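Right, one structure below, let's go through it.
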Amino acid sequence: MRVIDNYNRWLNSPKVSKETKTILKSMTSEEIDDAFYKDIEFGTAGMRGVLGPGTNRLNEFTITKACVGYAKYLLEKYPNAKSMGVVISHDNRHMSREFTLLCAKVLNDFGINTYIFDSLRPTPELSFTVHYLKACGGIMITASHNPKEYNGFKVYDEKGCQLVPSKIGRLLEIIGSLPNELEVDYKAEKKSGVNTLLSKEVDDAYVKAVEAVSLHPELDKSDFKIVFSPSHGTTYRNMMRIFKDLGYSVFPVRSQCNPDPNFSNTRSPNPEDPKSFEEGIKLAEKINADLIIVTDPDGDRVGLAYHSRTGVYKLFNGNESACLLFEYLCKERAKQDKVPKDPVMYTTIVSSPLGEKIAQHYGVTTKKFLTGFKYIGNQIGLDEEAGHPTFFFGYEESYGCLPSPIARDKDGLQAALMYAEMAVYYRKKHDINLGQAYTSICEHYGYHLDVVRSVEFKGSTGASEMEAIMTALRTRPFKALLGYNVTCIEDYQSLTRTSGGKKEKINLPKSDVLRFTFSDGSVLAVRPSGTEPKIKFYVSIVDTEREAALEKCDMFFMKLNAFLNL
């Protein structure tokens with residue numbers, strides 16, 4: 001009943017345009033069901049969804065409601081919110097610029113100053129700019145690496161960090177107290193906030209801060225060729241500037257450099273997907289490039305491929321590239337006496353355990369958090385305030401890392417620069433490629449195979465199907481897979497860790513995540529996505545060689561699928 005009520009409310013509303021009503025009338029019953037069965041929600045990465053009419057869609061009405069709630073939240077939390085202002089940025093997607101200007105208008109109507117860029121800018125630069133301008137918050141209009149049909153709305157605190165549950169709770173209460181998206185209304189302040197177009201100074205400051213992360217700017221890069229693609233997104237302008245400033249020989253994938261909302265010249269805007277590398281590989285083969293770097297549309301994730309000794313380009317996953325960089329930073333910062341006192345590496349409960357092993361080897365403390373880089377960004381600020389410990393590196397499995405805390409989100413520009421430097425360094429100093437460097441790490445710490453697979457559950461029944469699977473895993477957990485017994489179960493919803501028949505409390509926020517550790521050292525984490533209708537399965541296999549781990553992993557998923565009837 002709720003679906004039809006919502007649908008008719010839109011169809012009969014004078015606020016909904018004739019064009020939108022034409023779209024509504026042309027929708028199939030399945031499309032109506034998916035667009036109206038619920039209100040679009042905030043998840044682990046803010047509000048993200050398909051563009052279009054509906055309560056479960058991103059459109060001018062749902063964006064306005066969220067922004068009104070955010071304005072009220074800021075005015076309640078910060079006495080000087082109006083003068084401090086909010087920084088707003090966006091990616092290349094459909095409606096991104098329109099949503100940016102809409103958010104600026106709403107905030108200005110509440111008397112809050114706003115700062116926007118002249119065009120698209122990456123998420124990490126938005127995070128940097130909030131802190132740089134001492135603003136009280138930020139908004140990033142982006143759907144990150146999702147397909148072209150999506151867009152999103154992410155909110156940040158005064159430190160440039162996405163709101164964690166302890167902060168976003170109040171925002172959700174305020175949004176929940178508002179009328180439905182078509183009836184949200186407010187009275188504009190007599191003194192409107194000012195919308196300011198940011199100058200080149202901000203780009204200059206961000207670029208300078210990224211370039212300062214380099215450990216070996218003196219390296220000769222002239223005979224090392226790098227292919228780079230921004231996936232039609234936000235990183236092209238400043239990333240090419242950084243590469244040029246530091247002397248890298250970079251060849252952009254020209255067909256993917258324009259900010260195209262349809263992603264016309266890439267089969268995928270997601271660096272986690274090998275299809276995103278296809279055009280880059282073609283160019284790399286043509287010019288015999290040494291390295292391929294691909295960023296996602298909003299510039300917080302990076303994919304990496306290296307030219308192997310067999311002549312083919314091989315891809316790293318997010319765990320592999322991050323751990324490779326972490327090892328490099330540990331060694332080279334130590335040589336330059338740049339390791340801070342009480343260094344700490346921040347990661348997540350679904351990231352590879354290899355990072356923790358590297359940290360132990362170099363005397364770096366590890367802190368683990370729930371999925372979502374906002375938890376890492378928030379902890380950086382808390383540790384800075386406490387004066388202990390000191391940030392050294394942060395990463396998560398989803399192709400995102402942070403070499404320096406100039407931003408409080410994953411920073412694809414920093415990562416791209418340091419991946420390039422690391423590749424040149426290993427070639428110049430040790431005559432090896434990144435694949436050989438990673439093999440060396442595996443020989444020391446053991447081979448780690450980390451794989452993420454997702455199962456989608458769409459429509460009004462999707463949420464209940466996902467819930468049923470998680471309930472089954474909690475009430476009837478498997479005791480073994482492939483003959484390896486479960487030695488530890490971590491339930492982040494009940495915040496309990498069960499091992500050897502004993503239970504202990506987990507000191508993290510509640511989250512719908514289950515993590516199983518097996519007797520061979522393998523780990524399985526199961527997590528429903530907070531922004532998409534899917535369940536993610538994270539498997540980490542540890543073995544002495546790659547082929548054995550690959551075979552074990554395939555069998556692992558086969559048994560898992562049978563167990564869950566997927």
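Each chain in the structure tokens gets a letter, A, B, ..., in the order shown, and its residues are numbered from 1; ligands are numbered from 1 in order too.
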
| task | Write out as a ChimeraX atom specification each polymer residue whose atoms come within 9 Å of region 148-150 of chain A, counting only C-alpha atoms; drop sequence neighbours fewer than 5 positions from it. | result | /A:48-52,57-58,93-94,142-143,261-263,269

Take the residues from that selection and write them out as a short mmCIF file (atom, residue, chain, number, x, y, z; two decimals), in the first residue's frame, keeping C-alpha atoms.
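Here's the written file result.cif:
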data_model
loop_
_atom_site.label_atom_id
_atom_site.label_comp_id
_atom_site.auth_asym_id
_atom_site.auth_seq_id
_atom_site.Cartn_x
_atom_site.Cartn_y
_atom_site.Cartn_z
CA ARG A 48 23.47 7.25 -2.54
CA GLY A 49 21.00 5.97 -5.12
CA VAL A 50 19.65 5.92 -8.63
CA LEU A 51 18.69 9.27 -10.16
CA GLY A 52 15.05 9.82 -10.97
CA ARG A 57 15.69 8.02 -5.69
CA LEU A 58 18.08 10.97 -5.85
CA ARG A 93 27.74 12.77 -12.86
CA HIS A 94 24.32 13.72 -14.16
CA THR A 142 29.06 11.94 -5.86
CA ALA A 143 28.22 8.29 -6.31
CA PRO A 261 28.46 11.78 -17.03
CA ASN A 262 27.73 8.79 -19.27
CA PHE A 263 31.24 7.33 -18.91
CA PRO A 269 34.16 3.68 -13.77
#

Could you give me, as a tab-separated table, a per-residue list for region 332-420 of chain A showing, wherever an atom lies at most 8 Å from an atom of region 433-448 of chain A, the closest pair of atoms and their distance in Å to one decimal, using only C-alpha atoms and sorting by chain then residue number from low to high?
residue	atom	partner	partner_atom	distance
A:Ser352	CA	A:His448	CA	7.7
A:Leu354	CA	A:His448	CA	6.8
A:Lys357	CA	A:Tyr445	CA	7.0
A:Ile358	CA	A:Tyr445	CA	7.7

| message | I need the residues in region 211-342 of chain A that are strand (DSSP E or B) according to DSSP; give them as a ChimeraX atom specification. | response | /A:225-229,249-252,291-295,302-307,313-316

Compile a residue-level contact table for region 453-520 of chain A against region 17-40 of chain A at a cut-off of 10 Å, reporting for every qualifying residue the shortest atom pair and its distance in Å to one decimal, with only C-alpha atoms counted, rows ordered by chain and ascending number, as CSV.
residue,atom,partner,partner_atom,distance
A:Lys458,CA,A:Asp34,CA,7.7
A:Gly459,CA,A:Asp34,CA,4.9
A:Ser460,CA,A:Tyr37,CA,6.1
A:Thr461,CA,A:Asp34,CA,9.6
A:Gly462,CA,A:Asp34,CA,9.9

| field | Near-Gly280 (chain A) list (9 Å; only C-alpha atoms; drop same-chain fewer than 2 positions) as an MDAnalysis selection string | value | chainID A and resid 227:229 252:253 276:278 282:285 292:294

| Which of region 115-331 of chain A fall in alpha helix (DSSP H), as an MDAnalysis selection string | chainID A and resid 123:132 165:177 200:211 236:245 278:287 318:331

| task | Rank A:Asn378, A:Ser214, A:Asn56, A:Ser529 by their smallest atom-to-atom distance to Phe457 (chain A), using only C-alpha atoms, and report the top residue only. | result | A:Ser529

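Every protein, DNA or RNA residue with an atom at most 8 Å from Ile535 (chain A), where only C-alpha atoms count and chain neighbours fewer than 6 positions away do not, is listed here: Ser454, Val455, Glu456, Phe457, Met466, Val526, Arg527, Pro528 and Ser529 of chain A.
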
Could you turn the residues from that selection into a file that holds C-alpha atoms, as a compact mmCIF listing (two decimals), in the first residue's frame?
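Once everything was written out, this is part34.txt:
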# COMPACT_ATOMS: atom_id res chain seq x y z
CA SER A 454 28.87 -9.37 -3.93
CA VAL A 455 25.35 -10.72 -4.31
CA GLU A 456 22.61 -8.23 -5.26
CA PHE A 457 19.07 -8.19 -3.84
CA MET A 466 19.40 -9.89 2.94
CA VAL A 526 29.93 -10.89 5.61
CA ARG A 527 28.50 -7.38 5.36
CA PRO A 528 25.31 -6.00 3.80
CA SER A 529 26.18 -2.79 1.94

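For the set A:Glu545, A:Ala472, A:Tyr362, A:Thr347, the residue with the smallest atom-to-atom gap to Cys330 (chain A) is A:Tyr362, counting only C-alpha atoms.
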
| said: as number ranges by chain, please: the residues near region 547-550 of chain A (cut-off 10 Å, only C-alpha atoms, same-chain neighbours under 6 positions excluded). | reply: A: 447-451, 540-541, 556

Could you write out that same residue set with N, CA and C atoms as an mmCIF file, in the first residue's frame?
data_model
loop_
_atom_site.group_PDB
_atom_site.id
_atom_site.type_symbol
_atom_site.label_atom_id
_atom_site.label_comp_id
_atom_site.auth_asym_id
_atom_site.auth_seq_id
_atom_site.Cartn_x
_atom_site.Cartn_y
_atom_site.Cartn_z
ATOM 1 N N TYR A 447 51.791 -15.795 1.518
ATOM 2 C CA TYR A 447 50.969 -15.322 0.411
ATOM 3 C C TYR A 447 49.546 -15.085 0.904
ATOM 4 N N HIS A 448 49.017 -13.885 0.618
ATOM 5 C CA HIS A 448 47.668 -13.516 1.030
ATOM 6 C C HIS A 448 46.807 -13.276 -0.203
ATOM 7 N N LEU A 449 45.738 -14.025 -0.314
ATOM 8 C CA LEU A 449 44.784 -13.848 -1.402
ATOM 9 C C LEU A 449 43.492 -13.285 -0.814
ATOM 10 N N ASP A 450 43.173 -12.061 -1.181
ATOM 11 C CA ASP A 450 41.991 -11.392 -0.649
ATOM 12 C C ASP A 450 41.007 -11.127 -1.780
ATOM 13 N N VAL A 451 39.800 -11.655 -1.624
ATOM 14 C CA VAL A 451 38.786 -11.572 -2.670
ATOM 15 C C VAL A 451 37.481 -11.057 -2.079
ATOM 16 N N SER A 540 39.725 -13.866 2.958
ATOM 17 C CA SER A 540 41.175 -13.746 2.978
ATOM 18 C C SER A 540 41.768 -15.144 3.166
ATOM 19 N N ILE A 541 42.514 -15.578 2.165
ATOM 20 C CA ILE A 541 43.144 -16.897 2.197
ATOM 21 C C ILE A 541 44.649 -16.723 2.379
ATOM 22 N N PHE A 556 36.230 -22.460 -1.602
ATOM 23 C CA PHE A 556 35.647 -21.780 -0.449
ATOM 24 C C PHE A 556 34.313 -21.133 -0.839
#

| query | Can you tell me, as a PyMOL selection string, what residues are no more than 10 Å from Gly303 (chain A) when counting only C-alpha atoms, ignoring any on the same chain fewer than 3 positions away? | reply | chain A and resi 229+270-274+276-277+292-296+315-318+321+398-400+412+415-416+419
